[in-house]
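Raw contents of upload-v3.pdb, PDB, C-alpha atoms, pLDDT in the B column:
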ATOM      1  CA  MET A   1    -167.949 -88.688  13.849  1.00 95.00           C
ATOM      2  CA  LYS A   2    -168.578 -90.115  17.297  1.00 94.00           C
ATOM      3  CA  TYR A   3    -165.936 -90.719  19.937  1.00 96.00           C
ATOM      4  CA  SER A   4    -165.159 -91.444  23.549  1.00 96.00           C
ATOM      5  CA  GLU A   5    -162.005 -91.570  25.645  1.00 97.00           C
ATOM      6  CA  ALA A   6    -160.311 -94.544  27.259  1.00 97.00           C
ATOM      7  CA  LYS A   7    -157.138 -95.147  29.217  1.00 98.00           C
ATOM      8  CA  SER A   8    -154.340 -97.595  28.581  1.00 98.00           C
ATOM      9  CA  GLY A   9    -154.792-100.794  30.503  1.00 98.00           C
ATOM     10  CA  ARG A  10    -152.858-104.042  30.506  1.00 98.00           C
ATOM     11  CA  ILE A  11    -150.811-105.227  27.552  1.00 98.00           C
ATOM     12  CA  PHE A  12    -150.852-108.910  26.631  1.00 98.00           C
ATOM     13  CA  VAL A  13    -148.437-110.692  24.307  1.00 98.00           C
ATOM     14  CA  VAL A  14    -150.111-113.834  22.940  1.00 98.00           C
ATOM     15  CA  ARG A  15    -148.894-116.645  20.725  1.00 98.00           C
ATOM     16  CA  LEU A  16    -151.663-118.429  18.875  1.00 98.00           C
ATOM     17  CA  GLU A  17    -150.871-121.956  17.805  1.00 98.00           C
ATOM     18  CA  ASP A  18    -151.373-124.152  14.759  1.00 98.00           C
ATOM     19  CA  GLY A  19    -155.070-124.673  14.025  1.00 98.00           C
ATOM     20  CA  ASP A  20    -156.432-121.992  16.381  1.00 98.00           C
ATOM     21  CA  VAL A  21    -159.355-120.058  14.893  1.00 98.00           C
ATOM     22  CA  VAL A  22    -158.250-116.470  15.462  1.00 98.00           C
ATOM     23  CA  HIS A  23    -161.497-114.706  16.420  1.00 98.00           C
ATOM     24  CA  GLU A  24    -162.756-117.589  18.576  1.00 98.00           C
ATOM     25  CA  THR A  25    -159.479-117.929  20.465  1.00 98.00           C
ATOM     26  CA  LEU A  26    -159.046-114.186  21.070  1.00 98.00           C
ATOM     27  CA  GLU A  27    -162.657-113.651  22.155  1.00 98.00           C
ATOM     28  CA  GLN A  28    -162.322-116.512  24.642  1.00 98.00           C
ATOM     29  CA  PHE A  29    -159.020-115.064  25.893  1.00 98.00           C
ATOM     30  CA  ALA A  30    -160.753-111.710  26.434  1.00 98.00           C
ATOM     31  CA  LYS A  31    -163.497-113.434  28.451  1.00 98.00           C
ATOM     32  CA  ASP A  32    -160.965-115.367  30.530  1.00 98.00           C
ATOM     33  CA  LYS A  33    -158.887-112.254  31.311  1.00 98.00           C
ATOM     34  CA  GLY A  34    -161.805-109.855  31.808  1.00 98.00           C
ATOM     35  CA  ILE A  35    -160.817-107.678  28.843  1.00 98.00           C
ATOM     36  CA  ARG A  36    -163.809-105.496  27.961  1.00 98.00           C
ATOM     37  CA  ALA A  37    -162.195-103.419  25.199  1.00 98.00           C
ATOM     38  CA  ALA A  38    -158.880-103.546  23.341  1.00 98.00           C
ATOM     39  CA  SER A  39    -156.930-102.786  20.214  1.00 98.00           C
ATOM     40  CA  LEU A  40    -154.896-105.580  18.650  1.00 98.00           C
ATOM     41  CA  ILE A  41    -152.092-106.137  16.160  1.00 98.00           C
ATOM     42  CA  VAL A  42    -151.243-109.525  14.711  1.00 98.00           C
ATOM     43  CA  LEU A  43    -148.697-111.192  12.449  1.00 98.00           C
ATOM     44  CA  GLY A  44    -147.934-114.738  11.456  1.00 98.00           C
ATOM     45  CA  GLY A  45    -149.363-117.362   9.139  1.00 98.00           C
ATOM     46  CA  ALA A  46    -152.903-118.213   8.020  1.00 98.00           C
ATOM     47  CA  ASP A  47    -153.706-121.733   6.900  1.00 98.00           C
ATOM     48  CA  ARG A  48    -155.280-122.964   3.700  1.00 98.00           C
ATOM     49  CA  GLY A  49    -159.078-122.930   3.938  1.00 98.00           C
ATOM     50  CA  SER A  50    -159.205-119.754   6.038  1.00 98.00           C
ATOM     51  CA  THR A  51    -162.082-117.505   4.980  1.00 98.00           C
ATOM     52  CA  LEU A  52    -162.024-113.711   4.690  1.00 98.00           C
ATOM     53  CA  VAL A  53    -164.904-111.336   4.048  1.00 97.00           C
ATOM     54  CA  ALA A  54    -163.338-109.308   1.264  1.00 95.00           C
ATOM     55  CA  GLY A  55    -165.960-106.623   0.813  1.00 91.00           C
ATOM     56  CA  PRO A  56    -169.572-106.444  -0.264  1.00 92.00           C
ATOM     57  CA  GLU A  57    -170.637-107.893  -3.637  1.00 91.00           C
ATOM     58  CA  GLN A  58    -171.701-104.344  -4.612  1.00 90.00           C
ATOM     59  CA  GLY A  59    -170.576-101.196  -2.809  1.00 87.00           C
ATOM     60  CA  ARG A  60    -173.794 -99.177  -2.522  1.00 86.00           C
ATOM     61  CA  ALA A  61    -176.485-101.825  -2.965  1.00 83.00           C
ATOM     62  CA  GLU A  62    -179.590-101.707  -0.788  1.00 81.00           C
ATOM     63  CA  ALA A  63    -178.867-105.161   0.656  1.00 84.00           C
ATOM     64  CA  ILE A  64    -175.267-105.744   1.699  1.00 88.00           C
ATOM     65  CA  VAL A  65    -174.125-109.174   0.528  1.00 91.00           C
ATOM     66  CA  PRO A  66    -170.671-110.196   1.818  1.00 92.00           C
ATOM     67  CA  LYS A  67    -168.078-111.362  -0.702  1.00 95.00           C
ATOM     68  CA  THR A  68    -165.916-114.127   0.759  1.00 97.00           C
ATOM     69  CA  HIS A  69    -162.490-115.367  -0.225  1.00 97.00           C
ATOM     70  CA  VAL A  70    -161.086-118.743   0.847  1.00 98.00           C
ATOM     71  CA  LEU A  71    -157.297-118.980   1.033  1.00 98.00           C
ATOM     72  CA  ASP A  72    -156.070-121.704  -1.316  1.00 97.00           C
ATOM     73  CA  ASN A  73    -152.742-122.113   0.471  1.00 98.00           C
ATOM     74  CA  VAL A  74    -150.739-120.896   3.462  1.00 98.00           C
ATOM     75  CA  HIS A  75    -150.350-117.079   3.572  1.00 98.00           C
ATOM     76  CA  GLU A  76    -148.230-114.620   5.542  1.00 98.00           C
ATOM     77  CA  VAL A  77    -150.484-112.221   7.467  1.00 98.00           C
ATOM     78  CA  THR A  78    -150.542-108.924   9.257  1.00 98.00           C
ATOM     79  CA  GLY A  79    -153.631-107.411  10.771  1.00 98.00           C
ATOM     80  CA  THR A  80    -155.173-104.994  13.180  1.00 98.00           C
ATOM     81  CA  GLY A  81    -158.442-104.904  15.024  1.00 98.00           C
ATOM     82  CA  THR A  82    -160.596-103.814  17.912  1.00 98.00           C
ATOM     83  CA  LEU A  83    -162.480-105.736  20.553  1.00 98.00           C
ATOM     84  CA  PHE A  84    -165.627-104.366  22.202  1.00 98.00           C
ATOM     85  CA  PRO A  85    -168.590-106.058  23.860  1.00 98.00           C
ATOM     86  CA  ASN A  86    -171.923-106.548  22.170  1.00 97.00           C
ATOM     87  CA  GLU A  87    -175.175-105.653  23.936  1.00 96.00           C
ATOM     88  CA  ALA A  88    -175.060-108.966  25.834  1.00 97.00           C
ATOM     89  CA  GLY A  89    -171.591-108.128  27.163  1.00 97.00           C
ATOM     90  CA  GLU A  90    -169.802-110.740  25.025  1.00 97.00           C
ATOM     91  CA  PRO A  91    -166.472-109.657  23.507  1.00 98.00           C
ATOM     92  CA  VAL A  92    -166.624-109.259  19.720  1.00 98.00           C
ATOM     93  CA  LEU A  93    -163.425-109.000  17.688  1.00 98.00           C
ATOM     94  CA  HIS A  94    -163.428-106.905  14.519  1.00 98.00           C
ATOM     95  CA  MET A  95    -160.140-107.553  12.741  1.00 98.00           C
ATOM     96  CA  HIS A  96    -158.919-107.171   9.190  1.00 98.00           C
ATOM     97  CA  MET A  97    -155.905-109.035   7.830  1.00 98.00           C
ATOM     98  CA  ALA A  98    -153.787-108.667   4.763  1.00 98.00           C
ATOM     99  CA  CYS A  99    -152.866-112.180   3.638  1.00 98.00           C
ATOM    100  CA  GLY A 100    -150.079-112.524   1.104  1.00 98.00           C
ATOM    101  CA  ARG A 101    -148.423-115.333  -0.828  1.00 98.00           C
ATOM    102  CA  GLY A 102    -145.824-114.615  -3.459  1.00 96.00           C
ATOM    103  CA  PHE A 103    -146.853-111.420  -5.235  1.00 96.00           C
ATOM    104  CA  SER A 104    -150.564-111.684  -4.437  1.00 96.00           C
ATOM    105  CA  THR A 105    -152.377-110.253  -1.412  1.00 98.00           C
ATOM    106  CA  VAL A 106    -155.983-110.352  -0.292  1.00 97.00           C
ATOM    107  CA  THR A 107    -157.323-108.236   2.569  1.00 98.00           C
ATOM    108  CA  GLY A 108    -160.505-108.775   4.521  1.00 98.00           C
ATOM    109  CA  CYS A 109    -162.363-109.280   7.765  1.00 98.00           C
ATOM    110  CA  ILE A 110    -161.609-112.518   9.634  1.00 98.00           C
ATOM    111  CA  ARG A 111    -165.096-113.084  11.136  1.00 95.00           C
ATOM    112  CA  ASN A 112    -165.799-116.160   8.966  1.00 95.00           C
ATOM    113  CA  GLY A 113    -162.795-118.067  10.302  1.00 97.00           C
ATOM    114  CA  VAL A 114    -159.066-117.622   9.834  1.00 98.00           C
ATOM    115  CA  LYS A 115    -157.017-120.566  11.077  1.00 98.00           C
ATOM    116  CA  VAL A 116    -153.450-120.189  12.311  1.00 98.00           C
ATOM    117  CA  TRP A 117    -150.716-121.900  10.313  1.00 98.00           C
ATOM    118  CA  GLN A 118    -147.993-122.851  12.793  1.00 98.00           C
ATOM    119  CA  VAL A 119    -147.892-119.590  14.755  1.00 97.00           C
ATOM    120  CA  MET A 120    -149.450-116.151  14.990  1.00 98.00           C
ATOM    121  CA  GLU A 121    -148.308-113.409  17.367  1.00 98.00           C
ATOM    122  CA  VAL A 122    -150.800-110.963  18.858  1.00 98.00           C
ATOM    123  CA  VAL A 123    -150.281-107.876  20.986  1.00 98.00           C
ATOM    124  CA  ILE A 124    -153.428-106.833  22.834  1.00 98.00           C
ATOM    125  CA  HIS A 125    -153.628-103.285  24.240  1.00 98.00           C
ATOM    126  CA  GLU A 126    -156.462-103.171  26.748  1.00 98.00           C
ATOM    127  CA  LEU A 127    -158.586-100.001  26.698  1.00 98.00           C
ATOM    128  CA  ALA A 128    -159.553 -99.281  30.295  1.00 98.00           C
ATOM    129  CA  ASP A 129    -162.603 -97.176  31.189  1.00 97.00           C
ATOM    130  CA  SER A 130    -164.008 -97.589  27.678  1.00 97.00           C
ATOM    131  CA  THR A 131    -167.734 -97.091  27.160  1.00 97.00           C
ATOM    132  CA  GLY A 132    -167.716 -98.620  23.674  1.00 97.00           C
ATOM    133  CA  VAL A 133    -170.306-101.257  22.778  1.00 98.00           C
ATOM    134  CA  ARG A 134    -171.312-102.946  19.507  1.00 98.00           C
ATOM    135  CA  LYS A 135    -175.019-102.560  18.666  1.00 97.00           C
ATOM    136  CA  PRO A 136    -176.990-103.957  15.729  1.00 96.00           C
ATOM    137  CA  ASP A 137    -177.677-101.511  12.903  1.00 93.00           C
ATOM    138  CA  ARG A 138    -180.766-102.370  10.859  1.00 89.00           C
ATOM    139  CA  ALA A 139    -179.681-100.451   7.781  1.00 85.00           C
ATOM    140  CA  THR A 140    -176.370-102.300   7.310  1.00 87.00           C
ATOM    141  CA  GLY A 141    -176.893-105.507   9.273  1.00 87.00           C
ATOM    142  CA  PHE A 142    -173.593-104.837  11.063  1.00 91.00           C
ATOM    143  CA  GLU A 143    -172.949-104.638  14.784  1.00 94.00           C
ATOM    144  CA  LEU A 144    -171.629-101.064  14.819  1.00 96.00           C
ATOM    145  CA  LEU A 145    -169.336 -99.637  17.457  1.00 97.00           C
ATOM    146  CA  ILE A 146    -171.078 -97.024  19.581  1.00 97.00           C
ATOM    147  CA  PRO A 147    -168.208 -95.224  21.333  1.00 96.00           C
TER     148      PRO A 147
END

What's the structure tokens form of this structure?
Amino acid sequence: MKYSEAKSGRIFVVRLEDGDVVHETLEQFAKDKGIRAASLIVLGGADRGSTLVAGPEQGRAEAIVPKTHVLDNVHEVTGTGTLFPNEAGEPVLHMHMACGRGFSTVTGCIRNGVKVWQVMEVVIHELADSTGVRKPDRATGFELLIP
């Protein structure tokens, strides 16, 4: 386990609108507002055609191959995530959503593009004095959080 401490900063209440791509819109918002690090919660609707990374093809394979899932219709969503800069100082959102329709739910990472259906509400809790940064990890291919 690795950790660091941060302090509570500003809190933003954001309404995303129909057609917004969640990670693109929130990363741009973070740039515009000077948010270096944050935790986020989200709820609302995801549109048909949104893509989730729903795990690796095989859990402990040498090469990690993402398994994607494209939503075939509008889904209700709830999610949580973190935002930290990469080595270049650009904000990178890591968020997972549970997307449900009827009695079926799929959960995954939104990095491949989740589009808002009508409205999505986001609460952003800024983490002040955070030293966290995302750095590439050769073994996994991920940009891992280094607290």

Considering all atoms listed in the file, can you say which of A:Gly132, A:Gly89, A:Gly55, A:Gly81 comes closest to Val22 of chain A?
A:Gly81

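Taking all atoms listed in the file into account, Arg48 of chain A lies nearest to A:Val116 out of the set A:Gly102, A:Val116, A:Asp32, A:Val92.
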
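Minimum distance to Thr80 of chain A across A:Val106, A:Ala30, A:Ala37, A:Met97 (counting all atoms listed in the file) occurs at A:Met97.
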
With distances taken over only C-alpha atoms, which residue among A:Val119, A:Ile41, A:Leu83, A:Val77 lies nearest Asp18 of chain A?
A:Val119

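Distance annotation: of A:Glu90, A:Glu57, A:Glu5, A:Glu24, the residue with the minimal separation from Ile110 of chain A is A:Glu24; atom set is all atoms listed in the file.
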
Determine the nearest neighbour of Trp117 of chain A from the options A:Thr82, A:Ser50, A:Ser39, A:Thr68, counting all atoms listed in the file.
A:Ser50

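Picture a line from atom CA of Val53 of chain A to atom CA of Gly108 of chain A; it runs 5.1 Å.
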
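The set of residues that the PyMOL selection byres ((chain A and resi 70) around 7) takes from this file is Gly49, Ser50, Thr51, Leu52, Thr68, His69, Leu71 and Asp72 of chain A.
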
Apply the PyMOL selection byres ((chain A and resi 4) around 12) to the file shown and report the selected residues as a VMD selection string.
chain A and resid 1 to 3 5 to 7 127 to 133 145 to 147

Go ahead and find all residues with at least one atom no further than 7 Å from (-155.1, -116.7, 24.2) in the file's coordinates, using only C-alpha atoms; report them as a ChimeraX atom specification.
/A:14,16,25-26,29

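Interatomic distance, atom CA of Lys67 of chain A against atom CA of Val42 of chain A: 22.9 Å.
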
For the provided coordinates, the residues matched by the PyMOL selection byres ((chain A and resi 144) around 6) should be stated as a ChimeraX atom specification.
/A:134-135,142-143,145

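Straight-line separation from atom CA of Val123 of chain A to atom CA of Phe103 of chain A: 26.7 Å.
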
Save segment 56-77 of chain A from what I just supplied, as a compact mmCIF listing (two decimals), in the first residue's frame, atoms limited to N, CA and C atoms.
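Here's the written file result31.txt:
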# COMPACT_ATOMS: atom_id res chain seq x y z
N PRO A 56 -10.46 -7.05 -18.20
CA PRO A 56 -9.54 -7.64 -19.18
C PRO A 56 -10.16 -8.90 -19.78
N GLU A 57 -9.73 -9.26 -20.99
CA GLU A 57 -10.22 -10.50 -21.61
C GLU A 57 -9.92 -11.69 -20.69
N GLN A 58 -8.70 -11.72 -20.12
CA GLN A 58 -8.32 -12.77 -19.18
C GLN A 58 -7.65 -12.11 -17.98
N GLY A 59 -8.02 -12.54 -16.78
CA GLY A 59 -7.58 -11.89 -15.56
C GLY A 59 -6.09 -11.83 -15.30
N ARG A 60 -5.38 -12.90 -15.48
CA ARG A 60 -3.95 -12.94 -15.14
C ARG A 60 -3.07 -13.26 -16.35
N ALA A 61 -3.49 -12.82 -17.52
CA ALA A 61 -2.69 -13.05 -18.72
C ALA A 61 -1.48 -12.14 -18.72
N GLU A 62 -0.44 -12.54 -19.45
CA GLU A 62 0.77 -11.72 -19.53
C GLU A 62 0.48 -10.36 -20.16
N ALA A 63 -0.25 -10.38 -21.28
CA ALA A 63 -0.65 -9.12 -21.93
C ALA A 63 -2.09 -8.82 -21.55
N ILE A 64 -2.32 -7.61 -21.06
CA ILE A 64 -3.67 -7.22 -20.65
C ILE A 64 -4.41 -6.67 -21.87
N VAL A 65 -5.47 -7.37 -22.26
CA VAL A 65 -6.29 -6.96 -23.39
C VAL A 65 -7.64 -6.52 -22.86
N PRO A 66 -7.99 -5.23 -23.04
CA PRO A 66 -9.26 -4.73 -22.51
C PRO A 66 -10.47 -5.38 -23.19
N LYS A 67 -11.49 -5.64 -22.40
CA LYS A 67 -12.77 -6.14 -22.92
C LYS A 67 -13.73 -4.97 -22.89
N THR A 68 -14.28 -4.61 -24.03
CA THR A 68 -15.19 -3.46 -24.08
C THR A 68 -16.63 -3.91 -24.21
N HIS A 69 -17.51 -3.02 -23.79
CA HIS A 69 -18.95 -3.26 -23.87
C HIS A 69 -19.60 -1.97 -24.36
N VAL A 70 -20.35 -2.05 -25.45
CA VAL A 70 -21.05 -0.89 -25.99
C VAL A 70 -22.51 -0.96 -25.55
N LEU A 71 -23.00 0.12 -24.95
CA LEU A 71 -24.39 0.14 -24.50
C LEU A 71 -25.32 0.14 -25.71
N ASP A 72 -26.29 -0.76 -25.70
CA ASP A 72 -27.21 -0.89 -26.83
C ASP A 72 -28.43 0.00 -26.72
N ASN A 73 -28.55 0.70 -25.58
CA ASN A 73 -29.69 1.58 -25.36
C ASN A 73 -29.34 2.54 -24.23
N VAL A 74 -30.23 3.43 -23.91
CA VAL A 74 -30.04 4.36 -22.80
C VAL A 74 -30.01 3.57 -21.49
N HIS A 75 -29.11 3.97 -20.57
CA HIS A 75 -28.97 3.31 -19.27
C HIS A 75 -28.93 4.35 -18.16
N GLU A 76 -29.47 3.98 -17.00
CA GLU A 76 -29.30 4.77 -15.78
C GLU A 76 -27.90 4.49 -15.26
N VAL A 77 -27.21 5.53 -14.72
CA VAL A 77 -25.84 5.31 -14.27
C VAL A 77 -25.58 5.92 -12.90
